[in-house]
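These notes concern the structure reproduced below.
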Amino acid sequence: MNTVTNRQAICDVLLKAAATDPDIVVLCSDSRGSASLGAFAKQYPKQFVEVGIAEQNLVSVAAGLAACGKKAFAASPASFLSTRSYEQAKIDVAYSNTNVTLIGISGGISYGALGMSHHSCQDIAAFAALPDMRVYLPSDRFQTAKLIEALLQDTKPAYVRVSRSATEDVYNEDIEFTFNRANEIKEGADVTLIACGEMVPYAVKAAQILEQAGIDAGVLDMYCLKPLDAEAVVRCAKKSRLLVTLEEHSIYGGLGSLVAQTVAERHPCRVKQIALPDGHLIPGTNKEVFAYYHMDAEGIAETVKAALTEE
């Protein structure tokens with residue numbers, strides 16, 4: 001079982017790259033421990049900036065450094081980064097088109113029992129609405145590492161959301177990664193599960209359960225929410241009877257909305273959305289919350305079976 005978090009994967013890539021690139025700078029808002037970036041701060045203190053619990057300053061300082069030619073990576077809890085510093089992300093990063101990668105750690109419902117104040121269930125919708133801001137939710141440590149490597153060679157604004165706990169491996173060290181292109185893990189004639197972030201491992205397991213029930217289920221890993229890989233969505237819409245979107249996000253404005261908008265314009269088909277409900281969520285670990293709202297593998301499989309029966 002994997003014990004390496006996506007946060008640690010980010011740190012490992014930045015540590016390796018900083019050895020030969022003095023322009024890389026990492027910023028935290030009293031979050032180096034939560035972001036697993038303590039090792040970077042210790043090894044490269046001159047390339048690390050601690051702003052304290054001040055998320056607005058975090059983003060503005062990162063943008064200022066980027067404007068001076070630095071490659072800025074600013075990490076903070078996704079719940080605060082996507083709300084408290086939204087104006088700074090809008091003006092200083094997006095509108096100014098600065099080379100800043102915003103890293104939202106412990107995204108979605110990762111903080112569990114801390115409740116709604118620490119949930120980030122609106123960040124996909126919020127950041128996707130900003131001009132020139134890309135939005136990424138990698139699924140496991142291997143995909144996360146490849147994504148950060150790609151962003152190190154890039155100069156545009158980006159938001160990357162990762163979970164707090166270690167997710168099960170979907171890929172391995174030989175992962176075939178294409179920047180801004182979804183990865184079709186498996187084709188499915190009956191249904192394609194389109195998932196992002198921590199929901200991808202659940203989608204893979206759900207597909208296996210469905211296969212055992214005689215349902216041909218595919219899985220599309222849409223780690224790139226913006227730019228959305230519309231071509232991949234349309235391909236799946238053409239070969240599957242049903243598309244089911246899976247996301248650790250509100251039912252409004254996230255992956256489900258983006259996929260539905262895409263197929264409505266280019267190839268109309270049935271879309272079933274599985275996401276977090278509107279309103280206050282129950283407290284608990286992410287696994288407990290997913291199970292309660294039927295977002296675990298078993299719950300996803302049952303929802304798919306019911307949706308196919310309704311045809």
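Starting from 1 in every chain, residues are counted up; chains themselves are A, B, ... following the order of the structure tokens, and ligands are numbered from 1 as listed.
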
**OP:** For region 158-167 of chain A, work out the shell of residues within 6 Å, counting only C-alpha atoms and skipping chain neighbours fewer than 5 positions away, then give it as a PyMOL selection string.
**Re:** chain A and resi 3-5+101-107+110+133-137+140

Hey, could you make a per-residue contact list for region 272-292 of chain A against region 199-213 of chain A with 12 Å as the cut-off, showing the nearest pair of atoms and its distance in Å to one decimal, counting only C-alpha atoms, sorted by chain and number, as CSV?
```
residue,atom,partner,partner_atom,distance
A:Ile274,CA,A:Met199,CA,10.1
A:Ala275,CA,A:Met199,CA,9.8
A:Leu276,CA,A:Met199,CA,11.6
A:Asn286,CA,A:Met199,CA,10.9
A:Lys287,CA,A:Tyr202,CA,10.5
A:Phe290,CA,A:Met199,CA,9.6
A:Ala291,CA,A:Tyr202,CA,10.9
```

Subject >> Among the residues A:Val100, A:Val26, A:Cys121, A:Leu220, the one that comes closest to Ser250 (chain A) [using only C-alpha atoms] >> reply: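 Residue with the minimum atom-to-atom distance to Ser250 (chain A): A:Cys121.
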
Subject >> Top pick for closest residue to Glu302 (chain A), considering A:Phe80, A:Ile215, A:Val25, A:Leu255 and counting only C-alpha atoms >> reply: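 With only C-alpha atoms as the atom set, the closest residue is A:Ile215.
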
Original post:
Quick one: residues within 12 Å of Glu149 (chain A), only C-alpha atoms counted, chain neighbours fewer than 5 positions away excluded, as number ranges by chain?
Top reply: A: 9-18, 101, 142-144, 154, 177-179

Original post:
Rounded to one decimal in Å, what is the spacing between CA of Ile109 (chain A) and CA of Cys236 (chain A)?
Top reply: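 These two atoms are separated by 28.5 Å.
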
Subject >> Contacts of Lys71 (chain A) at 8 Å (only C-alpha atoms; same-chain gap of 5+ positions) as an MDAnalysis selection string >> reply: chainID A and resid 23:25 65:66 99:100 152 155

**OP:** Enumerate, as a list of chain:residue names, the complete set of residues in region 74-113 of chain A that a backbone-based DSSP assignment places in strand (DSSP E or B).
**Re:** A:Ala74, A:Ala75, A:Ser76, A:Pro77, A:Val100, A:Thr101, A:Leu102, A:Ile103, A:Gly104, A:Ile105, A:Gly108

Original post:
Looking at only C-alpha atoms, which of A:Ala54, A:Val219, A:Val93, A:Val49 is the one that sits closest to Val233 (chain A)?
Top reply: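 Among the listed residues, A:Val219 lies closest to Val233 (chain A).
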
Subject >> Residue list (alpha helix (DSSP H), DSSP) for region 196-240 of chain A, as JSON, numbers by chain >> reply: {"A": [199, 200, 201, 202, 203, 204, 205, 206, 207, 208, 209, 210, 211, 212, 230, 231, 232, 233, 234, 235, 236, 237, 238, 239]}

Serialized selection, C-alpha atoms, as a PDB file, in the first residue's frame:
```pdb
ATOM      1  CA  MET A 199     -11.573  10.053  -7.045  1.00  0.00           C
ATOM      2  CA  VAL A 200      -9.550   8.332  -9.771  1.00  0.00           C
ATOM      3  CA  PRO A 201      -8.544   5.315  -7.616  1.00  0.00           C
ATOM      4  CA  TYR A 202     -12.206   4.962  -6.610  1.00  0.00           C
ATOM      5  CA  ALA A 203     -13.187   5.068 -10.280  1.00  0.00           C
ATOM      6  CA  VAL A 204     -10.720   2.299 -11.115  1.00  0.00           C
ATOM      7  CA  LYS A 205     -12.114   0.099  -8.336  1.00  0.00           C
ATOM      8  CA  ALA A 206     -15.701   0.878  -9.312  1.00  0.00           C
ATOM      9  CA  ALA A 207     -14.941  -0.128 -12.908  1.00  0.00           C
ATOM     10  CA  GLN A 208     -13.626  -3.463 -11.665  1.00  0.00           C
ATOM     11  CA  ILE A 209     -16.817  -4.042  -9.651  1.00  0.00           C
ATOM     12  CA  LEU A 210     -18.927  -3.168 -12.681  1.00  0.00           C
ATOM     13  CA  GLU A 211     -16.931  -5.518 -14.905  1.00  0.00           C
ATOM     14  CA  GLN A 212     -17.707  -8.349 -12.509  1.00  0.00           C
ATOM     15  CA  ALA A 230     -12.629  18.172 -24.653  1.00  0.00           C
ATOM     16  CA  GLU A 231     -11.478  15.812 -27.401  1.00  0.00           C
ATOM     17  CA  ALA A 232     -11.119  12.967 -24.897  1.00  0.00           C
ATOM     18  CA  VAL A 233     -14.571  13.691 -23.486  1.00  0.00           C
ATOM     19  CA  VAL A 234     -16.155  13.617 -26.944  1.00  0.00           C
ATOM     20  CA  ARG A 235     -14.376  10.357 -27.818  1.00  0.00           C
ATOM     21  CA  CYS A 236     -15.802   8.732 -24.699  1.00  0.00           C
ATOM     22  CA  ALA A 237     -19.253  10.185 -25.396  1.00  0.00           C
ATOM     23  CA  LYS A 238     -19.237   8.592 -28.841  1.00  0.00           C
ATOM     24  CA  LYS A 239     -18.412   5.086 -27.621  1.00  0.00           C
TER      25      LYS A 239
END
```

Original post:
Pick from A:Ser79, A:Thr98, A:Ser120, A:Gln261: nearest to His249 (chain A), with only C-alpha atoms counted?
Top reply: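 Checking each of A:Ser79, A:Thr98, A:Ser120, A:Gln261 against His249 (chain A), counting only C-alpha atoms, the winner is A:Ser120.
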
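Checking A:Cys196, A:Met295, A:Leu37, A:Ile282 one by one against Val259 (chain A), counting only C-alpha atoms, you find the shortest gap at A:Cys196.
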
**OP:** Give the answer as one residue: which of A:Gln153, A:Thr83, A:Thr192, A:Gln88 has the shortest atom-to-atom distance to Ala126 (chain A), using only C-alpha atoms?
**Re:** A:Thr83

Within 9 Å of Val271 (chain A), counting only C-alpha atoms, which residues show up once you throw out same-chain ones fewer than 2 positions away? Write them as an mmCIF file with C-alpha atoms, in the first residue's frame, please.
```
data_model
loop_
_atom_site.group_PDB
_atom_site.id
_atom_site.type_symbol
_atom_site.label_atom_id
_atom_site.label_comp_id
_atom_site.auth_asym_id
_atom_site.auth_seq_id
_atom_site.Cartn_x
_atom_site.Cartn_y
_atom_site.Cartn_z
ATOM 1 C CA LEU A 242 -23.353 6.856 -20.336
ATOM 2 C CA LEU A 243 -20.761 9.262 -18.917
ATOM 3 C CA VAL A 244 -20.400 9.493 -15.137
ATOM 4 C CA THR A 245 -18.285 12.264 -13.608
ATOM 5 C CA GLY A 256 -19.483 17.504 -13.969
ATOM 6 C CA VAL A 259 -18.161 17.723 -19.065
ATOM 7 C CA ALA A 260 -21.891 18.382 -19.452
ATOM 8 C CA VAL A 263 -21.023 17.206 -24.660
ATOM 9 C CA CYS A 269 -25.251 12.191 -24.456
ATOM 10 C CA GLN A 273 -22.727 13.543 -11.911
#
```
